[in-house]
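The structure file target_13.txt is reproduced below (compact mmCIF, C-alpha atoms).
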# COMPACT_ATOMS: atom_id res chain seq x y z
CA MET L 1 76.08 -76.55 75.23
CA ALA L 2 73.24 -74.02 75.06
CA LYS L 3 73.59 -73.62 71.33
CA THR L 4 73.38 -77.31 70.49
CA ARG L 5 70.31 -77.69 72.68
CA ALA L 6 68.59 -74.80 70.84
CA LEU L 7 69.46 -76.30 67.49
CA VAL L 8 68.02 -79.69 68.44
CA LYS L 9 64.83 -78.01 69.56
CA ARG L 10 64.43 -76.08 66.33
CA ARG L 11 65.12 -79.15 64.25
CA LYS L 12 62.46 -81.06 66.09
CA ALA L 13 59.92 -78.27 65.53
CA ILE L 14 60.65 -78.17 61.83
CA ARG L 15 60.32 -81.93 61.61
CA ASN L 16 56.85 -81.68 63.08
CA ILE L 17 55.90 -78.96 60.64
CA ARG L 18 57.19 -81.06 57.78
CA LYS L 19 55.00 -83.92 58.90
CA ILE L 20 51.97 -81.65 58.89
CA THR L 21 52.67 -80.12 55.49
CA ARG L 22 53.29 -83.52 53.97
CA THR L 23 49.95 -84.77 55.29
CA MET L 24 48.25 -81.69 53.92
CA GLU L 25 49.87 -82.31 50.58
CA LEU L 26 48.53 -85.87 50.52
CA ILE L 27 45.06 -84.71 51.49
CA ALA L 28 45.10 -82.04 48.81
CA THR L 29 46.20 -84.63 46.25
CA ALA L 30 43.34 -86.93 47.15
CA ARG L 31 40.83 -84.07 47.08
CA PHE L 32 42.20 -82.82 43.80
CA LYS L 33 41.63 -86.21 42.19
CA LYS L 34 38.07 -86.31 43.46
CA ALA L 35 37.36 -82.76 42.32
CA LEU L 36 38.87 -83.48 38.93
CA ASP L 37 36.72 -86.59 38.53
CA ARG L 38 33.65 -84.51 39.27
CA ALA L 39 34.72 -81.89 36.77
CA ILE L 40 35.22 -84.56 34.11
CA GLU L 41 31.83 -86.10 34.82
CA ALA L 42 30.25 -82.69 34.49
CA GLU L 43 32.02 -82.18 31.20
CA ALA L 44 29.79 -84.78 29.52
CA TYR L 45 26.77 -82.65 30.34
CA THR L 46 28.27 -79.33 29.28
CA ASN L 47 29.53 -80.75 26.00
CA LYS L 48 26.16 -82.23 25.24
CA ILE L 49 24.37 -78.96 25.99
CA ALA L 50 26.75 -77.13 23.68
CA GLU L 51 26.13 -79.72 20.98
CA LEU L 52 22.39 -79.34 21.34
CA ALA L 53 22.68 -75.58 21.18
CA ALA L 54 24.76 -75.85 18.03
CA ASP L 55 22.23 -78.17 16.39
CA LEU L 56 19.39 -75.91 17.37
CA SER L 57 20.93 -72.68 16.17
CA ALA L 58 21.69 -74.39 12.88
CA ASN L 59 17.95 -74.95 12.51
CA ALA L 60 16.52 -71.81 14.05
CA THR L 61 17.46 -68.99 11.72
CA GLU L 62 17.14 -66.00 13.99
CA ILE L 63 17.52 -66.24 17.71
CA ARG L 64 16.37 -63.45 19.93
CA HIS L 65 16.44 -63.84 23.65
CA PRO L 66 16.94 -61.39 26.51
CA LEU L 67 19.88 -63.44 27.77
CA LEU L 68 21.71 -63.01 24.49
CA GLU L 69 21.19 -59.29 23.97
CA GLN L 70 24.08 -56.98 24.67
CA ARG L 71 22.70 -54.09 26.67
CA GLN L 72 23.66 -50.64 25.50
CA VAL L 73 23.93 -49.08 28.93
CA VAL L 74 25.33 -51.11 31.78
CA ARG L 75 24.15 -49.48 34.96
CA ARG L 76 24.71 -52.21 37.45
CA SER L 77 27.17 -55.03 37.18
CA LEU L 78 27.38 -58.06 39.41
CA LEU L 79 30.76 -59.50 40.29
CA LEU L 80 30.97 -62.89 41.97
CA VAL L 81 34.34 -63.71 43.47
CA LEU L 82 35.15 -67.36 44.13
CA CYS L 83 37.88 -67.85 46.70
CA SER L 84 38.66 -70.59 49.16
CA ASN L 85 37.48 -70.88 52.71
CA ARG L 86 40.90 -71.87 53.96
CA GLY L 87 44.38 -70.52 53.47
CA LEU L 88 47.71 -72.28 53.01
CA CYS L 89 47.27 -72.59 49.28
CA GLY L 90 50.02 -70.34 48.00
CA GLY L 91 49.07 -67.52 45.68
CA TYR L 92 45.64 -68.93 44.87
CA ASN L 93 43.49 -66.37 46.67
CA ALA L 94 45.86 -63.49 46.05
CA ALA L 95 45.75 -64.03 42.30
CA ILE L 96 41.96 -64.09 42.18
CA LEU L 97 41.59 -61.07 44.45
CA ARG L 98 44.06 -59.11 42.34
CA GLU L 99 41.96 -59.71 39.25
CA ALA L 100 38.74 -58.97 41.09
CA VAL L 101 39.98 -55.70 42.56
CA ALA L 102 41.34 -54.58 39.21
CA ARG L 103 37.91 -55.23 37.72
CA CYS L 104 36.22 -53.32 40.55
CA ARG L 105 38.47 -50.31 39.92
CA GLN L 106 37.70 -50.46 36.22
CA LEU L 107 33.97 -50.47 36.88
CA GLU L 108 34.34 -47.63 39.33
CA ALA L 109 36.21 -45.59 36.76
CA THR L 110 33.43 -46.03 34.22
CA GLY L 111 30.82 -45.19 36.83
CA THR L 112 29.06 -48.53 36.74
CA GLY L 113 27.20 -49.63 39.82
CA LEU L 114 28.77 -52.66 41.42
CA GLN L 115 27.08 -55.47 43.23
CA LEU L 116 29.68 -57.61 44.91
CA GLU L 117 29.04 -61.20 45.91
CA LEU L 118 31.71 -63.24 47.61
CA SER L 119 32.23 -66.92 48.15
CA GLY L 120 34.88 -68.11 50.57
CA LYS L 121 36.12 -66.72 53.86
CA ARG L 122 39.33 -65.42 52.32
CA ALA L 123 37.49 -63.14 49.92
CA ILE L 124 35.15 -61.94 52.65
CA ALA L 125 38.01 -61.07 54.96
CA TYR L 126 39.92 -59.31 52.21
CA PHE L 127 37.07 -57.12 51.03
CA ARG L 128 36.12 -56.25 54.58
CA TYR L 129 39.67 -55.08 55.12
CA GLN L 130 39.46 -53.04 51.94
CA GLY L 131 36.29 -51.45 53.22
CA MET L 132 34.19 -52.65 50.28
CA ALA L 133 30.72 -53.79 51.16
CA ALA L 134 29.54 -57.09 49.72
CA GLU L 135 25.92 -57.67 48.82
CA ARG L 136 25.97 -61.33 49.74
CA THR L 137 28.55 -63.74 51.04
CA PHE L 138 28.69 -67.52 50.92
CA THR L 139 30.90 -69.92 52.79
CA HIS L 140 29.11 -73.18 52.10
CA PHE L 141 30.78 -73.91 48.75
CA GLU L 142 33.58 -76.25 49.70
CA ASP L 143 35.55 -78.55 47.46
CA LYS L 144 32.38 -80.34 46.38
CA PRO L 145 29.94 -77.75 45.07
CA ARG L 146 26.51 -79.31 44.45
CA PHE L 147 24.44 -78.44 41.44
CA ASP L 148 21.34 -77.72 43.53
CA GLU L 149 23.18 -75.04 45.45
CA VAL L 150 24.61 -73.43 42.36
CA ASP L 151 21.25 -73.75 40.64
CA GLU L 152 19.62 -71.65 43.35
CA LEU L 153 22.23 -68.95 42.92
CA ALA L 154 21.99 -69.04 39.14
CA GLN L 155 18.21 -68.78 39.22
CA ARG L 156 18.42 -65.63 41.31
CA TYR L 157 20.91 -64.09 38.87
CA LEU L 158 18.67 -64.97 35.96
CA ASP L 159 15.65 -63.43 37.62
CA ASP L 160 17.57 -60.27 38.52
CA TYR L 161 19.00 -60.02 35.05
CA ILE L 162 15.71 -60.43 33.24
CA ALA L 163 14.00 -58.00 35.63
CA GLY L 164 16.74 -55.47 34.80
CA ARG L 165 18.09 -55.17 38.32
CA ILE L 166 21.52 -56.11 37.00
CA ASP L 167 22.90 -55.67 33.51
CA ARG L 168 25.89 -57.94 33.62
CA VAL L 169 27.11 -60.95 35.58
CA GLU L 170 30.81 -61.60 35.94
CA VAL L 171 32.71 -64.22 37.85
CA ALA L 172 36.26 -63.91 39.12
CA TYR L 173 37.75 -67.34 39.65
CA MET L 174 40.71 -69.57 38.92
CA LYS L 175 40.18 -71.20 35.56
CA PHE L 176 41.47 -74.73 35.28
CA LEU L 177 43.38 -75.17 32.02
CA ASN L 178 45.25 -78.35 32.89
CA ALA L 179 46.88 -79.92 35.90
CA ALA L 180 49.94 -77.69 35.55
CA ARG L 181 48.27 -74.43 34.53
CA GLN L 182 45.51 -72.43 36.13
CA LEU L 183 44.67 -68.86 35.37
CA ALA L 184 42.87 -66.26 37.46
CA VAL L 185 40.26 -64.67 35.21
CA VAL L 186 37.20 -62.45 35.25
CA GLU L 187 34.60 -63.96 32.93
CA THR L 188 31.36 -62.46 31.73
CA LEU L 189 28.56 -65.01 31.99
CA LEU L 190 25.60 -62.77 31.25
CA PRO L 191 24.77 -61.70 28.64
CA LEU L 192 25.67 -65.05 27.13
CA SER L 193 28.31 -64.49 24.53
CA LYS L 194 27.31 -67.11 22.02
CA VAL L 195 25.03 -70.06 22.26
CA THR L 196 27.17 -72.47 20.37
CA GLU L 197 30.14 -72.20 22.67
CA ALA L 198 28.10 -71.30 25.69
CA ALA L 199 28.96 -74.33 27.73
CA SER L 200 31.94 -75.92 26.10
CA ARG L 201 35.46 -75.73 27.34
CA ARG L 202 36.82 -76.50 23.91
CA PRO L 203 34.37 -74.71 21.67
CA GLY L 204 36.06 -75.86 18.51
CA ARG L 205 35.55 -79.52 19.18
CA ALA L 206 31.93 -79.63 20.18
CA THR L 207 30.77 -77.53 17.28
CA ALA L 208 33.19 -78.81 14.68
CA ALA L 209 31.70 -79.13 11.24
CA ARG L 210 29.43 -82.13 11.24
CA PRO L 211 26.94 -83.18 8.68
CA ALA L 212 23.67 -81.45 9.45
CA VAL L 213 21.07 -83.83 10.77
CA ALA L 214 17.43 -83.27 9.97
CA TYR L 215 16.00 -83.31 13.47
CA GLU L 216 12.42 -83.58 14.50
CA PHE L 217 11.74 -80.92 17.11
CA LEU L 218 9.31 -81.19 19.96
CA PRO L 219 7.85 -78.61 20.35
CA ASP L 220 9.97 -76.40 18.02
CA PRO L 221 13.57 -75.17 17.88
CA ARG L 222 12.82 -71.72 19.22
CA ASP L 223 10.94 -73.05 22.22
CA ILE L 224 13.64 -75.52 23.09
CA LEU L 225 16.32 -72.90 22.72
CA GLU L 226 14.49 -70.62 25.08
CA GLU L 227 14.58 -73.38 27.67
CA LEU L 228 18.14 -74.26 26.85
CA LEU L 229 19.68 -70.82 27.36
CA PRO L 230 19.02 -70.57 31.10
CA VAL L 231 20.30 -74.12 31.51
CA SER L 232 23.40 -73.25 29.59
CA PHE L 233 24.04 -70.30 31.91
CA LYS L 234 23.54 -72.47 34.98
CA VAL L 235 25.91 -75.05 33.68
CA ARG L 236 28.53 -72.43 32.97
CA LEU L 237 28.24 -71.08 36.47
CA PHE L 238 28.46 -74.61 37.87
CA LYS L 239 31.57 -75.17 35.80
CA CYS L 240 33.14 -72.07 37.33
CA PHE L 241 32.55 -73.53 40.77
CA LEU L 242 33.99 -76.90 39.78
CA ASP L 243 37.03 -75.27 38.19
CA ALA L 244 37.59 -73.18 41.28
CA ALA L 245 37.44 -76.28 43.47
CA VAL L 246 39.95 -78.17 41.33
CA SER L 247 42.32 -75.20 41.07
CA GLU L 248 42.23 -74.63 44.81
CA GLN L 249 43.31 -78.18 45.52
CA ILE L 250 46.10 -77.97 42.97
CA ALA L 251 47.33 -74.69 44.44
CA ARG L 252 47.27 -76.20 47.90
CA ARG L 253 49.11 -79.29 46.81
CA VAL L 254 51.83 -77.25 45.12
CA ALA L 255 52.18 -74.94 48.11
CA MET L 256 52.39 -77.81 50.55
CA LYS L 257 54.87 -79.68 48.39
CA ALA L 258 57.13 -76.62 48.36
CA ALA L 259 56.72 -76.23 52.12
CA THR L 260 57.67 -79.86 52.71
CA GLU L 261 60.73 -79.53 50.52
CA ASN L 262 61.80 -76.32 52.22
CA ALA L 263 61.40 -77.94 55.62
CA GLY L 264 63.61 -80.82 54.46
CA GLU L 265 66.27 -78.38 53.33
CA MET L 266 66.12 -76.49 56.59
CA ILE L 267 66.52 -79.70 58.57
CA LYS L 268 69.61 -80.50 56.55
CA ILE L 269 71.16 -77.10 57.28
CA LEU L 270 70.29 -77.28 60.96
CA THR L 271 71.75 -80.78 61.25
CA ARG L 272 74.97 -79.55 59.72
CA GLN L 273 75.10 -76.62 62.14
CA TYR L 274 74.33 -78.90 65.04
CA ASN L 275 77.10 -81.34 64.11
CA ARG L 276 79.58 -78.50 63.79
CA ALA L 277 78.60 -77.04 67.14
CA ARG L 278 78.86 -80.44 68.81
CA GLN L 279 82.28 -81.09 67.30
CA ALA L 280 83.47 -77.65 68.38
CA GLN L 281 82.28 -78.39 71.90
CA ILE L 282 84.11 -81.72 71.98
CA THR L 283 87.30 -80.16 70.62
CA LYS L 284 87.08 -77.44 73.20
CA GLU L 285 86.62 -79.93 76.03
CA ILE L 286 89.55 -82.05 74.88
CA ALA L 287 91.72 -78.95 74.68
CA GLU L 288 90.70 -78.06 78.21
CA VAL L 289 91.46 -81.55 79.55
CA ILE L 290 94.85 -81.66 77.82
CA SER L 291 95.84 -78.21 78.97
CA GLY L 292 94.77 -79.14 82.48
CA ALA L 293 96.93 -82.26 82.37
CA GLU L 294 99.84 -80.25 80.97
CA ALA L 295 99.54 -77.76 83.81
CA LEU L 296 99.76 -80.54 86.44
CA LYS L 297 103.09 -81.81 85.17
CA MET M 1 16.43 -105.57 14.12
CA ALA M 2 18.35 -102.58 12.90
CA GLY M 3 21.13 -102.23 15.39
CA GLU M 4 21.01 -101.52 19.08
CA LEU M 5 19.73 -98.57 21.02
CA ARG M 6 21.99 -96.87 23.55
CA CYS M 7 20.46 -94.89 26.38
CA VAL M 8 22.58 -92.24 28.11
CA VAL M 9 21.31 -90.19 31.02
CA VAL M 10 23.51 -87.35 32.25
CA THR M 11 23.06 -84.79 35.00
CA PRO M 12 25.43 -81.89 35.65
CA GLU M 13 27.01 -83.86 38.48
CA ARG M 14 27.47 -87.27 36.93
CA GLN M 15 26.51 -89.77 34.30
CA VAL M 16 23.59 -91.73 35.69
CA LEU M 17 23.06 -94.35 33.01
CA ASP M 18 24.82 -95.56 29.90
CA GLU M 19 23.43 -98.83 28.64
CA VAL M 20 22.31 -100.70 25.59
CA VAL M 21 18.55 -101.23 25.69
CA ASP M 22 15.70 -102.44 23.49
CA PHE M 23 13.23 -99.67 24.18
CA VAL M 24 13.15 -96.28 25.90
CA ALA M 25 10.08 -94.34 27.01
CA LEU M 26 10.78 -90.64 27.46
CA PRO M 27 8.62 -88.30 29.54
CA MET M 28 8.17 -85.40 27.11
CA TYR M 29 6.66 -82.07 28.11
CA ASP M 30 3.27 -83.13 26.70
CA GLY M 31 3.25 -86.87 27.32
CA GLU M 32 5.24 -90.01 26.83
CA LEU M 33 7.30 -90.83 23.78
CA GLY M 34 8.58 -94.29 22.99
CA VAL M 35 11.86 -94.77 21.17
CA LEU M 36 12.86 -97.95 19.35
CA PRO M 37 16.08 -98.54 17.42
CA SER M 38 16.45 -96.65 14.12
CA ARG M 39 14.21 -93.82 15.16
CA ALA M 40 14.49 -90.59 13.18
CA PRO M 41 16.67 -87.90 14.83
CA LEU M 42 14.85 -85.87 17.42
CA ILE M 43 15.43 -83.06 19.88
CA GLY M 44 12.77 -82.43 22.46
CA ARG M 45 11.94 -80.89 25.77
CA LEU M 46 11.25 -83.16 28.71
CA GLY M 47 8.70 -82.76 31.44
CA PHE M 48 8.59 -84.20 34.94
CA GLY M 49 7.95 -87.88 34.71
CA GLU M 50 9.21 -91.38 34.36
CA LEU M 51 11.92 -92.64 32.07
CA ARG M 52 11.76 -96.35 31.31
CA ALA M 53 14.60 -98.22 29.71
CA ARG M 54 13.76 -101.84 28.87
CA ARG M 55 16.23 -104.53 27.96
CA GLY M 56 14.79 -108.02 27.63
CA GLU M 57 12.69 -108.60 30.72
CA LEU M 58 14.41 -105.97 32.80
CA THR M 59 13.01 -102.44 33.00
CA GLN M 60 14.88 -99.62 34.68
CA ARG M 61 12.82 -96.68 35.87
CA TYR M 62 14.01 -93.17 36.65
CA TYR M 63 12.28 -90.01 37.71
CA ILE M 64 13.37 -87.22 35.34
CA ASP M 65 13.16 -83.62 36.43
CA GLY M 66 12.70 -81.83 33.11
CA GLY M 67 15.55 -81.12 30.72
CA PHE M 68 16.18 -82.19 27.13
CA ALA M 69 16.35 -85.34 25.08
CA GLN M 70 18.23 -85.98 21.90
CA VAL M 71 17.90 -89.01 19.65
CA ARG M 72 20.56 -89.37 17.03
CA GLY M 73 22.04 -92.41 15.36
CA ASN M 74 20.54 -94.93 17.77
CA VAL M 75 21.74 -93.01 20.83
CA VAL M 76 19.19 -91.52 23.18
CA THR M 77 20.77 -88.78 25.29
CA VAL M 78 18.80 -87.39 28.20
CA LEU M 79 20.04 -84.16 29.80
CA THR M 80 18.33 -83.41 33.05
CA PRO M 81 19.17 -81.45 36.19
CA ARG M 82 18.11 -84.39 38.34
CA ALA M 83 17.50 -88.10 37.78
CA ILE M 84 16.40 -90.35 40.62
CA LYS M 85 16.09 -94.11 40.45
CA ALA M 86 12.45 -95.04 40.94
CA GLU M 87 13.26 -97.24 43.93
CA GLU M 88 15.07 -94.37 45.63
CA ILE M 89 12.23 -91.87 45.53
CA ASP M 90 11.12 -90.88 48.99
CA PRO M 91 7.29 -90.92 48.88
CA GLN M 92 7.00 -89.20 52.24
CA ALA M 93 9.15 -86.28 51.11
CA ALA M 94 7.17 -86.08 47.87
CA THR M 95 3.88 -86.04 49.78
CA ARG M 96 5.15 -83.27 51.99
CA ALA M 97 6.30 -81.30 48.95
CA LEU M 98 2.88 -81.77 47.39
CA GLN M 99 1.13 -80.53 50.54
CA ALA M 100 3.34 -77.47 50.63
CA ALA M 101 2.73 -76.80 46.94
CA LEU M 102 -1.04 -77.08 47.30
CA ALA M 103 -1.23 -74.04 49.55
CA PRO M 104 -2.31 -70.92 47.64
CA ALA M 105 0.53 -68.61 46.64
CA PRO M 106 0.60 -64.86 47.22
CA THR M 107 1.76 -63.81 43.71
CA PRO M 108 1.20 -65.12 40.18
CA ASP M 109 4.90 -65.94 39.83
CA ALA M 110 4.90 -67.91 43.03
CA GLN M 111 1.71 -69.60 41.90
CA GLU M 112 3.46 -70.79 38.78
CA ALA M 113 6.33 -72.15 40.84
CA ARG M 114 3.82 -73.94 43.08
CA LEU M 115 2.12 -75.51 40.09
CA LYS M 116 5.47 -76.78 38.87
CA ALA M 117 6.25 -78.17 42.30
CA GLN M 118 2.86 -79.93 42.28
CA LEU M 119 3.61 -81.58 38.95
CA ARG M 120 6.99 -82.65 40.23
CA ALA M 121 5.66 -84.13 43.44
CA ARG M 122 2.77 -85.88 41.69
CA ALA M 123 5.10 -87.46 39.15
CA GLN M 124 7.39 -88.71 41.89
CA LEU M 125 4.49 -90.17 43.86
CA ARG M 126 3.05 -91.84 40.79
CA ILE M 127 6.33 -93.52 39.92
CA SER M 128 7.09 -94.67 43.42
CA GLN M 129 3.58 -96.08 43.81
CA ARG M 130 3.89 -98.00 40.57
CA VAL M 131 7.24 -99.46 41.59
CA ARG M 132 5.94 -100.44 44.98
CA GLY M 133 2.79 -101.92 43.45
CA GLU M 134 4.82 -104.14 41.17
CA ALA M 135 7.12 -105.28 43.92
CA GLY M 136 4.31 -106.07 46.37
Turn the structure described in the file into structure tokens.
Amino acid sequence: MAKTRALVKRRKAIRNIRKITRTMELIATARFKKALDRAIEAEAYTNKIAELAADLSANATEIRHPLLEQRQVVRRSLLLVLCSNRGLCGGYNAAILREAVARCRQLEATGTGLQLELSGKRAIAYFRYQGMAAERTFTHFEDKPRFDEVDELAQRYLDDYIAGRIDRVEVAYMKFLNAARQLAVVETLLPLSKVTEAASRRPGRATAARPAVAYEFLPDPRDILEELLPVSFKVRLFKCFLDAAVSEQIARRVAMKAATENAGEMIKILTRQYNRARQAQITKEIAEVISGAEALK
Amino acid sequence: MAGELRCVVVTPERQVLDEVVDFVALPMYDGELGVLPSRAPLIGRLGFGELRARRGELTQRYYIDGGFAQVRGNVVTVLTPRAIKAEEIDPQAATRALQAALAPAPTPDAQEARLKAQLRARAQLRISQRVRGEAG
């Protein structure tokens, strides 16, 4: 009897867990859709900025800007790691942290100074455990990063970069390729690689060969470009945050879906075990009754 | 008339406006610029000021917080970090921001930032006053 009781109890517990994971899956799905909508809305802006940059560089012959120059000696590199605040999202955080730590080791090996900035409680906890000190930590970037917040961060990076306090800005995050594929990457945002594809996710499309338009420039191409480059960096950083938010929700949804399915499977197995145990009990009791009756004859 | 004019306003977070209009007034860095259909292509820097998009009798007003404008093939695209509908500007907050920005700054860099903040706040106040004046 004891065994059947234990089985029933376990089955009940798993059923409750399944209910929770299913709810979490639904929540993650809803959040993912919202985050994706935001990312798509932002795409209009990034594509347009890239288009502008392409048009401008077609008109300005030589572009020189501190944000574009590759520095010969990189003394101090900034690494921003974007993780989630909450767990239960499968390998999402682990994948990002693996990339980030590999990058840290690489920088250490080349003797480059590292300035670590972390977003998300998971990253903070991990690096504390590793005994690596972080310059700054953020936990206020949730699944809806706002441009104002990112703008503040980006402005500080720009100031530091131009003042020469840092020579490179990199971001470790989960890049969103499509709904089924995300990739943990370390991307270099500063110095800006190329203006034309600075902000575009599909560089080929935005800058595809188009007939050159004779624009009127106010004030002049160089001036506008100088204004445009910082904006393009900010937008790229914002995009990283948006991508990270979308990827996190996808990872969570997938993890919770798997958990729900596993719980269902486990319930099936436990039910089978329970039925067997019950039947065995009944058979045993019948055998006892019959043998008792036989003995009385 | 030679075709229609489309006005698109986008911020990094969302698309604020996408409409067919008769006339657009852009707040450029050095003053206002009016755009009618069939204007020659243009790329320009925006300042802090008011964007007006008129269609028939109806005029929509937005506060534009810098950025860029592109005119190409009867499409006016405005890229700005922030766009606020004129009716939604908070004059009290703008006044407070102006007061804060009027205080002298300790360093030249900060002074520059203050001046920018002043321009911003003044533009917001101006627009909201105009809207209120018309309504009342």
Check: Which polymer residues, protein or nucleic acid, are no farther than 7 Å from (4.5, -87.5, 36.4), counting only C-alpha atoms, as a list in words?
Finding: Phe48, Gly49, Glu50, Leu119, Arg120, Arg122, Ala123, Gln124 and Arg126 of chain M
Notebook entry, point to check: Which residues come within 9 Å of Ala97 of chain M, counting only C-alpha atoms, excluding same-chain residues fewer than 6 positions away, as a PyMOL selection string?
Noted result: chain M and resi 117-118+120-121
Keeping C-alpha atoms for every residue in the selection just given, could you write it to a file as a CSV table (one decimal), in the coordinates of the input?
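File written: part33.csv
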chain,number,residue,atom,x,y,z
M,117,ALA,CA,6.2,-78.2,42.3
M,118,GLN,CA,2.9,-79.9,42.3
M,120,ARG,CA,7.0,-82.6,40.2
M,121,ALA,CA,5.7,-84.1,43.4
Margin query: I'd like the contact shell of Thr11 of chain M - 7 Å cut-off, all atoms listed in the file, skipping same-chain residues fewer than 6 positions apart - returned as a PyMOL selection string.
Written below: (chain L and resi 45) or (chain M and resi 79-82)
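The two atoms in question, atom CA of Tyr92 of chain L and atom CA of Lys175 of chain L, are spaced 11.0 Å apart.
For the pair atom CA of Asp220 of chain L and atom CA of Glu51 of chain L, the separation is 16.8 Å.
Picture a line from atom CA of Leu42 of chain M to atom CA of Val16 of chain M; it runs 21.1 Å.
Every chain M residue lying within 9 Å of chain L, based on all atoms listed in the file, is listed here: M:Val10, M:Thr11, M:Pro12, M:Glu13, M:Arg14, M:Gln15, M:Met28, M:Tyr29, M:Ala40, M:Pro41, M:Leu42, M:Ile43, M:Gly44, M:Arg45, M:Gly67, M:Phe68, M:Gln70, M:Val71, M:Arg72, M:Thr77, M:Leu79, M:Thr80, M:Pro81.
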Check: Using only C-alpha atoms, which residues sit within 10 Å of Gly120 of chain L once same-chain residues fewer than 5 positions away are excluded, as JSON, numbers by chain?
Finding: {"L": [81, 82, 83, 84, 85, 86, 93, 125, 137, 138, 139, 140, 141, 142]}
Margin query: I'd like to know which of L:Arg156, L:Arg276, L:Arg236, L:Lys297 is closest to Lys3 of chain L, using only C-alpha atoms.
Written below: L:Arg276
Enclose all atoms of segment 108-115 of chain M listed in the file in an axis-aligned box, grow every side by 6 Å, and hand back centre and edge lengths in Å to one decimal, as JSON.
{"center_x": 3.8, "center_y": -70.3, "center_z": 40.9, "size_x": 17.1, "size_y": 22.4, "size_z": 16.3}
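Counting all atoms listed in the file, segment 56-59 of chain M has the following residues at most 12 Å away, ignoring those fewer than 3 positions along the same chain: Glu19, Val20, Val21, Asp22, Phe23, Val24, Ala25, Glu50, Leu51, Arg52, Ala53, Tyr62, Lys85, Ala86, Val131 and Glu134 of chain M.
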Item checked: Using all atoms listed in the file: which of M:Gly66, M:Gly3, M:Gly47, M:Gly133 has the shortest distance to Glu32 of chain M -> M:Gly47
Next item on the list: Would you mind listing what lies within 9 Å of Ala277 of chain L as a PyMOL selection string, with all atoms listed in the file counted and same-chain residues fewer than 4 positions away left out?
Entry: chain L and resi 1+3-4+272-273+281-282
Selection from above, C-alpha atoms, as a short mmCIF file (atom, residue, chain, number, x, y, z; two decimals), keeping the file's coordinate frame, can you write it?
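part.cif, written as the output of this step:
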data_model
loop_
_atom_site.label_atom_id
_atom_site.label_comp_id
_atom_site.auth_asym_id
_atom_site.auth_seq_id
_atom_site.Cartn_x
_atom_site.Cartn_y
_atom_site.Cartn_z
CA MET L 1 76.08 -76.55 75.23
CA LYS L 3 73.59 -73.62 71.33
CA THR L 4 73.38 -77.31 70.49
CA ARG L 272 74.97 -79.55 59.72
CA GLN L 273 75.10 -76.62 62.14
CA GLN L 281 82.28 -78.39 71.90
CA ILE L 282 84.11 -81.72 71.98
#
Next item on the list: Between L:Ala133, L:Ala287, L:Ala54, L:Ala172, single out the one closest to Ala94 of chain L, counting all atoms listed in the file.
Entry: L:Ala172
Margin query: Using all atoms listed in the file, list the residues that have an atom at most 10 Å from (64.5, -80.7, 56.9), coordinates as in the file, as number ranges by chain.
Written below: L: 11-12, 14-18, 260-271
Keeping only C-alpha atoms, take the residues you just selected and write them out as a PDB file, keeping the file's coordinate frame.
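Below you can see part.pdb, which holds the result:
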ATOM      1  CA  ARG L  11      65.120 -79.150  64.250  1.00  0.00           C
ATOM      2  CA  LYS L  12      62.460 -81.060  66.090  1.00  0.00           C
ATOM      3  CA  ILE L  14      60.650 -78.170  61.830  1.00  0.00           C
ATOM      4  CA  ARG L  15      60.320 -81.930  61.610  1.00  0.00           C
ATOM      5  CA  ASN L  16      56.850 -81.680  63.080  1.00  0.00           C
ATOM      6  CA  ILE L  17      55.900 -78.960  60.640  1.00  0.00           C
ATOM      7  CA  ARG L  18      57.190 -81.060  57.780  1.00  0.00           C
ATOM      8  CA  THR L 260      57.670 -79.860  52.710  1.00  0.00           C
ATOM      9  CA  GLU L 261      60.730 -79.530  50.520  1.00  0.00           C
ATOM     10  CA  ASN L 262      61.800 -76.320  52.220  1.00  0.00           C
ATOM     11  CA  ALA L 263      61.400 -77.940  55.620  1.00  0.00           C
ATOM     12  CA  GLY L 264      63.610 -80.820  54.460  1.00  0.00           C
ATOM     13  CA  GLU L 265      66.270 -78.380  53.330  1.00  0.00           C
ATOM     14  CA  MET L 266      66.120 -76.490  56.590  1.00  0.00           C
ATOM     15  CA  ILE L 267      66.520 -79.700  58.570  1.00  0.00           C
ATOM     16  CA  LYS L 268      69.610 -80.500  56.550  1.00  0.00           C
ATOM     17  CA  ILE L 269      71.160 -77.100  57.280  1.00  0.00           C
ATOM     18  CA  LEU L 270      70.290 -77.280  60.960  1.00  0.00           C
ATOM     19  CA  THR L 271      71.750 -80.780  61.250  1.00  0.00           C
TER      20      THR L 271
END
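Using all atoms listed in the file, the smallest distance between any of M:Ile64, M:Ile89, M:Leu33, M:Val78 and Arg132 of chain M comes from M:Ile89.
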